[in-house]
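S.K.: For reference, the structure I am asking about is given below.
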There are 2 protein chains.
Amino acid sequence: MKNSLGAKTLVYPAPVFVIGTYDKMGKPNVMTASWCGICCSQPPCIAVSLRKATYTHGNILARKAFTISIPSETNAKEADYFGLTSGRQTDKLMVTKLTPVEGGRVDAPYVKEFPLILECKLAHVFELGLHTEFVGEVMDVLAEESVLRADGRLDIEKVKPLVFAPDTQGYYGIGHFIGNAFSIGHDV
Amino acid sequence: MKNSLGAKTLVYPAPVFVIGTYDKMGKPNVMTASWCGICCSQPPCIAVSLRKATYTHGNILARKAFTISIPSETNAKEADYFGLTSGRQTDKLMVTKLTPVEGGRVDAPYVKEFPLILECKLAHVFELGLHTEFVGEVMDVLAEESVLRADGRLDIEKVKPLVFAPDTQGYYGIGHFIGNAFSIGHDV
């Protein structure tokens, strides 16, 4: 038996991404966003939707670039803080004592202490309503050596990314391995 | 120390969504997609990116509607199977013995046995490269009573959605509760 919950933005899992930009004065700013996802494989692109009221919105339009720093479980408080305050009033990186590093490929800063970084060049801007969708072409992915497996691939159990549950507004960790994609379905 | 992994689509967590459509003959079809995410709060919208080669791509353009059925851990094999085969040759729901149900609000079917459903009306189509991004306006969310908390909100620990790890192509479950969003950052 299914209950109707109405027209809402309820999907599971939602990600927790920290968007890095420079403002007009060159000050690094970060904000947390969950209305995001990969949207193309070739060219590799990711969509990040932001309200026009955010400081980051103007920064992306001005600089045509942003980064995504993916926080680990141990960065949960900082990631939440980045969504609580505006870069207009606050230097959030200074408050949290985290370190902005200029992207190697794009005109935007990332968070040094976070394990996984995407450097993105603005490719498209779509107005959808309350949110603007920014599509960034991924120019490079940077990962801490400590979150790589021996074969050079990313180990999600070492990245320990956060999962956001929209309805109850909670953060969760990644759980146990369930099976290999493009594989376990052969046995259906 | 960060290693450059190149320009790739590596984000964590990525979702596992099953996209439901009718084809020209009215046959229900389902396929699995991970390049998806919420992209607007008002109107509530979700982005689903698909390759032009998929059967679902043509179905969405023809019917202007799709559903998203979110599989639980126990549905992992079926969800993986839906990404391994094409609806051109196969009736995937018949093979898996799962039940298509016509959406109450849109001209598209969902998977009865999956715990959480979004019914979407096609709002925008953006060509990004290999993938086309379909933006659907969420017309209704349906949830099994068994995944709701006493206060009527969705319990992610009962939904037990799958998380996809793109680089190693594995499925994972949801882990432990870490903290409340818009809350734990006050204590940074």
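A note on labels: chains of the structure tokens are A, B, ... as shown, every chain counts residues from 1, and ligands are counted from 1 in their shown order.
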Using DSSP on the backbone coordinates, identify the residues of stretch 110-176 of chain B assigned to alpha helix (DSSP H); present them as a PyMOL selection string.

M.R.: chain B and resi 156-159

S.K.: Quick one: residues within 12 Å of A:Ala53, only C-alpha atoms counted, chain neighbours fewer than 5 positions away excluded, as a PyMOL selection string?

M.R.: chain A and resi 58-59+86-88+130-132

S.K.: Please provide as a VMD selection string all residues within 9 Å of stretch 97-101 of chain A, with the sequence filter that same-chain residues fewer than 2 positions apart are discarded (counting only C-alpha atoms).

M.R.: chain A and resid 20 28 to 29 78 92 to 95 103 to 104 108 to 113

S.K.: Sort by chain and increasing residue number a table of all residues of chain B within 6 Å of chain A, each with its closest pair of atoms and their distance in Å to one decimal, counting only C-alpha atoms, and write it as CSV.

M.R.:
residue,atom,partner,partner_atom,distance
B:Met1,CA,A:Glu144,CA,5.7
B:Lys2,CA,A:Glu144,CA,4.3
B:Asn3,CA,A:Ala143,CA,5.3
B:Ser4,CA,A:Leu142,CA,4.6
B:Leu5,CA,A:Val141,CA,5.2
B:Gly6,CA,A:Asp140,CA,4.7
B:Ala7,CA,A:Asp140,CA,4.2
B:Lys8,CA,A:Pro44,CA,5.8
B:Thr9,CA,A:Pro44,CA,5.6
B:Pro13,CA,A:Pro15,CA,5.7
B:Pro15,CA,A:Pro13,CA,5.7
B:Trp35,CA,A:Ile38,CA,4.7
B:Cys36,CA,A:Gly37,CA,5.4
B:Gly37,CA,A:Gly37,CA,4.8
B:Ile38,CA,A:Trp35,CA,4.8
B:Cys39,CA,A:Trp35,CA,5.2
B:Cys40,CA,A:His131,CA,5.0
B:Gln42,CA,A:Leu130,CA,5.3
B:Pro44,CA,A:Thr9,CA,5.6
B:Ser49,CA,A:Cys39,CA,5.3
B:Lys77,CA,A:Gly185,CA,4.6
B:Glu78,CA,A:Gly185,CA,6.0
B:Asp80,CA,A:Gly185,CA,4.6
B:Tyr81,CA,A:Gly185,CA,3.9
B:Gly129,CA,A:Gln42,CA,5.9
B:Leu130,CA,A:Gln42,CA,5.3
B:His131,CA,A:Cys40,CA,5.0
B:Val138,CA,A:Ala7,CA,5.5
B:Met139,CA,A:Ala7,CA,4.9
B:Asp140,CA,A:Ala7,CA,4.3
B:Val141,CA,A:Leu5,CA,5.2
B:Leu142,CA,A:Ser4,CA,4.6
B:Ala143,CA,A:Lys2,CA,5.0
B:Glu144,CA,A:Lys2,CA,4.4
B:Gln169,CA,A:Ala181,CA,5.3
B:Gly170,CA,A:Asn180,CA,4.5
B:Tyr171,CA,A:Ile178,CA,5.3
B:Tyr172,CA,A:Phe177,CA,4.5
B:Gly173,CA,A:Gly175,CA,4.5
B:Ile174,CA,A:Gly175,CA,4.5
B:Gly175,CA,A:Gly175,CA,3.7
B:His176,CA,A:Gly173,CA,5.4
B:Phe177,CA,A:Tyr172,CA,4.5
B:Ile178,CA,A:Tyr172,CA,5.1
B:Gly179,CA,A:Tyr171,CA,5.4
B:Asn180,CA,A:Gly170,CA,4.5
B:Ala181,CA,A:Gln169,CA,5.3
B:Ile184,CA,A:Lys77,CA,5.4
B:Gly185,CA,A:Tyr81,CA,3.9
B:Val188,CA,A:Lys77,CA,5.8

S.K.: Just to confirm, what's the straight-line distance from atom CA of A:Val106 to atom CA of A:Lys121 in Å (one decimal)?

M.R.: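 Atom CA of A:Lys121 lies at a distance of 6.4 Å from atom CA of A:Val106.
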
S.K.: When DSSP works through the backbone of this structure, what residues of stretch 98-146 of chain A end up as strand (DSSP E), shown as a short mmCIF file (atom, residue, chain, number, x, y, z; two decimals) with N, CA, C and O atoms, in the first residue's frame?

M.R.:
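Everything below was put into states-v6.cif:
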data_model
loop_
_atom_site.label_atom_id
_atom_site.label_comp_id
_atom_site.auth_asym_id
_atom_site.auth_seq_id
_atom_site.Cartn_x
_atom_site.Cartn_y
_atom_site.Cartn_z
N PRO A 100 41.90 26.75 1.73
CA PRO A 100 41.57 26.85 0.31
C PRO A 100 42.82 26.67 -0.55
O PRO A 100 43.87 27.22 -0.24
N VAL A 101 42.69 25.89 -1.61
CA VAL A 101 43.79 25.68 -2.56
C VAL A 101 43.27 26.03 -3.95
O VAL A 101 42.15 25.59 -4.32
N GLU A 102 44.00 26.81 -4.70
CA GLU A 102 43.56 27.18 -6.04
C GLU A 102 43.55 25.95 -6.94
O GLU A 102 44.52 25.17 -6.94
N PRO A 109 38.66 27.73 -6.00
CA PRO A 109 39.41 27.05 -4.94
C PRO A 109 38.70 25.80 -4.43
O PRO A 109 37.47 25.70 -4.50
N TYR A 110 39.49 24.85 -3.93
CA TYR A 110 38.89 23.67 -3.28
C TYR A 110 39.39 23.56 -1.84
O TYR A 110 40.27 24.31 -1.42
N VAL A 111 38.79 22.62 -1.10
CA VAL A 111 39.13 22.43 0.31
C VAL A 111 40.20 21.35 0.43
O VAL A 111 39.94 20.17 0.16
N LEU A 116 38.21 14.22 -1.87
CA LEU A 116 37.92 14.06 -3.30
C LEU A 116 37.42 15.39 -3.88
O LEU A 116 36.51 16.01 -3.32
N ILE A 117 38.03 15.80 -4.99
CA ILE A 117 37.77 17.13 -5.57
C ILE A 117 37.45 17.00 -7.05
O ILE A 117 38.13 16.25 -7.77
N LEU A 118 36.44 17.73 -7.52
CA LEU A 118 36.20 17.86 -8.96
C LEU A 118 36.40 19.32 -9.35
O LEU A 118 35.81 20.21 -8.72
N GLU A 119 37.22 19.55 -10.35
CA GLU A 119 37.42 20.91 -10.86
C GLU A 119 36.56 21.08 -12.10
O GLU A 119 36.68 20.31 -13.06
N CYS A 120 35.69 22.10 -12.11
CA CYS A 120 34.68 22.22 -13.15
C CYS A 120 34.69 23.59 -13.82
O CYS A 120 34.76 24.62 -13.15
N LYS A 121 34.56 23.55 -15.13
CA LYS A 121 34.44 24.77 -15.94
C LYS A 121 32.97 24.91 -16.31
O LYS A 121 32.34 23.95 -16.76
N LEU A 122 32.41 26.11 -16.12
CA LEU A 122 30.98 26.31 -16.40
C LEU A 122 30.68 26.06 -17.88
O LEU A 122 31.32 26.65 -18.76
N ALA A 123 29.73 25.18 -18.15
CA ALA A 123 29.40 24.83 -19.54
C ALA A 123 27.99 25.31 -19.93
O ALA A 123 27.77 25.74 -21.06
N HIS A 124 27.03 25.22 -19.01
CA HIS A 124 25.65 25.63 -19.30
C HIS A 124 25.01 26.22 -18.05
O HIS A 124 25.37 25.84 -16.93
N VAL A 125 24.04 27.09 -18.27
CA VAL A 125 23.25 27.67 -17.17
C VAL A 125 21.78 27.52 -17.55
O VAL A 125 21.36 28.06 -18.59
N PHE A 126 21.02 26.79 -16.75
CA PHE A 126 19.60 26.60 -17.05
C PHE A 126 18.75 27.14 -15.90
O PHE A 126 18.93 26.75 -14.74
N GLU A 127 17.82 28.01 -16.23
CA GLU A 127 16.92 28.56 -15.20
C GLU A 127 15.72 27.63 -15.06
O GLU A 127 14.99 27.41 -16.03
N HIS A 131 15.60 27.46 -8.37
CA HIS A 131 17.00 27.11 -8.55
C HIS A 131 17.48 27.34 -9.99
O HIS A 131 16.73 27.14 -10.94
N THR A 132 18.74 27.71 -10.09
CA THR A 132 19.45 27.74 -11.37
C THR A 132 20.33 26.50 -11.43
O THR A 132 21.03 26.19 -10.45
N GLU A 133 20.28 25.79 -12.55
CA GLU A 133 21.16 24.63 -12.69
C GLU A 133 22.43 25.05 -13.44
O GLU A 133 22.35 25.50 -14.58
N PHE A 134 23.56 24.87 -12.78
CA PHE A 134 24.85 25.10 -13.40
C PHE A 134 25.42 23.75 -13.83
O PHE A 134 25.60 22.87 -12.98
N VAL A 135 25.70 23.61 -15.11
CA VAL A 135 26.35 22.38 -15.59
C VAL A 135 27.83 22.69 -15.78
O VAL A 135 28.19 23.59 -16.54
N GLY A 136 28.65 21.97 -15.04
CA GLY A 136 30.09 22.16 -15.14
C GLY A 136 30.74 20.99 -15.84
O GLY A 136 30.41 19.83 -15.56
N GLU A 137 31.65 21.28 -16.76
CA GLU A 137 32.44 20.20 -17.35
C GLU A 137 33.58 19.87 -16.39
O GLU A 137 34.31 20.77 -15.94
N VAL A 138 33.70 18.61 -16.07
CA VAL A 138 34.75 18.17 -15.14
C VAL A 138 36.09 18.21 -15.88
O VAL A 138 36.29 17.48 -16.86
N MET A 139 36.99 19.07 -15.42
CA MET A 139 38.31 19.20 -16.08
C MET A 139 39.34 18.28 -15.44
O MET A 139 40.30 17.86 -16.08
N ASP A 140 39.14 17.99 -14.15
CA ASP A 140 40.05 17.07 -13.46
C ASP A 140 39.40 16.60 -12.17
O ASP A 140 38.55 17.29 -11.61
N VAL A 141 39.79 15.41 -11.74
CA VAL A 141 39.40 14.89 -10.43
C VAL A 141 40.68 14.70 -9.63
O VAL A 141 41.66 14.13 -10.13
N LEU A 142 40.67 15.19 -8.40
CA LEU A 142 41.82 15.05 -7.51
C LEU A 142 41.41 14.20 -6.31
O LEU A 142 40.34 14.42 -5.74
N ALA A 143 42.24 13.26 -5.94
CA ALA A 143 41.91 12.39 -4.81
C ALA A 143 43.14 12.22 -3.91
O ALA A 143 44.26 12.10 -4.40
N GLU A 144 42.89 12.23 -2.61
CA GLU A 144 43.95 11.91 -1.65
C GLU A 144 44.45 10.49 -1.93
O GLU A 144 43.65 9.58 -2.16
#

S.K.: If you measure from atom CA of B:Asp151 to atom CA of A:Ala33, what distance in Å do you get, rounded to one decimal?

M.R.: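 For atom CA of B:Asp151 relative to atom CA of A:Ala33, the distance reads 25.9 Å.
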
S.K.: Could you tell me which of A:Met31, A:Phe114, A:Thr21, A:Asp91 comes closest to A:Thr54 if we count only C-alpha atoms?

M.R.: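 Selected residue with least distance to A:Thr54: A:Met31.
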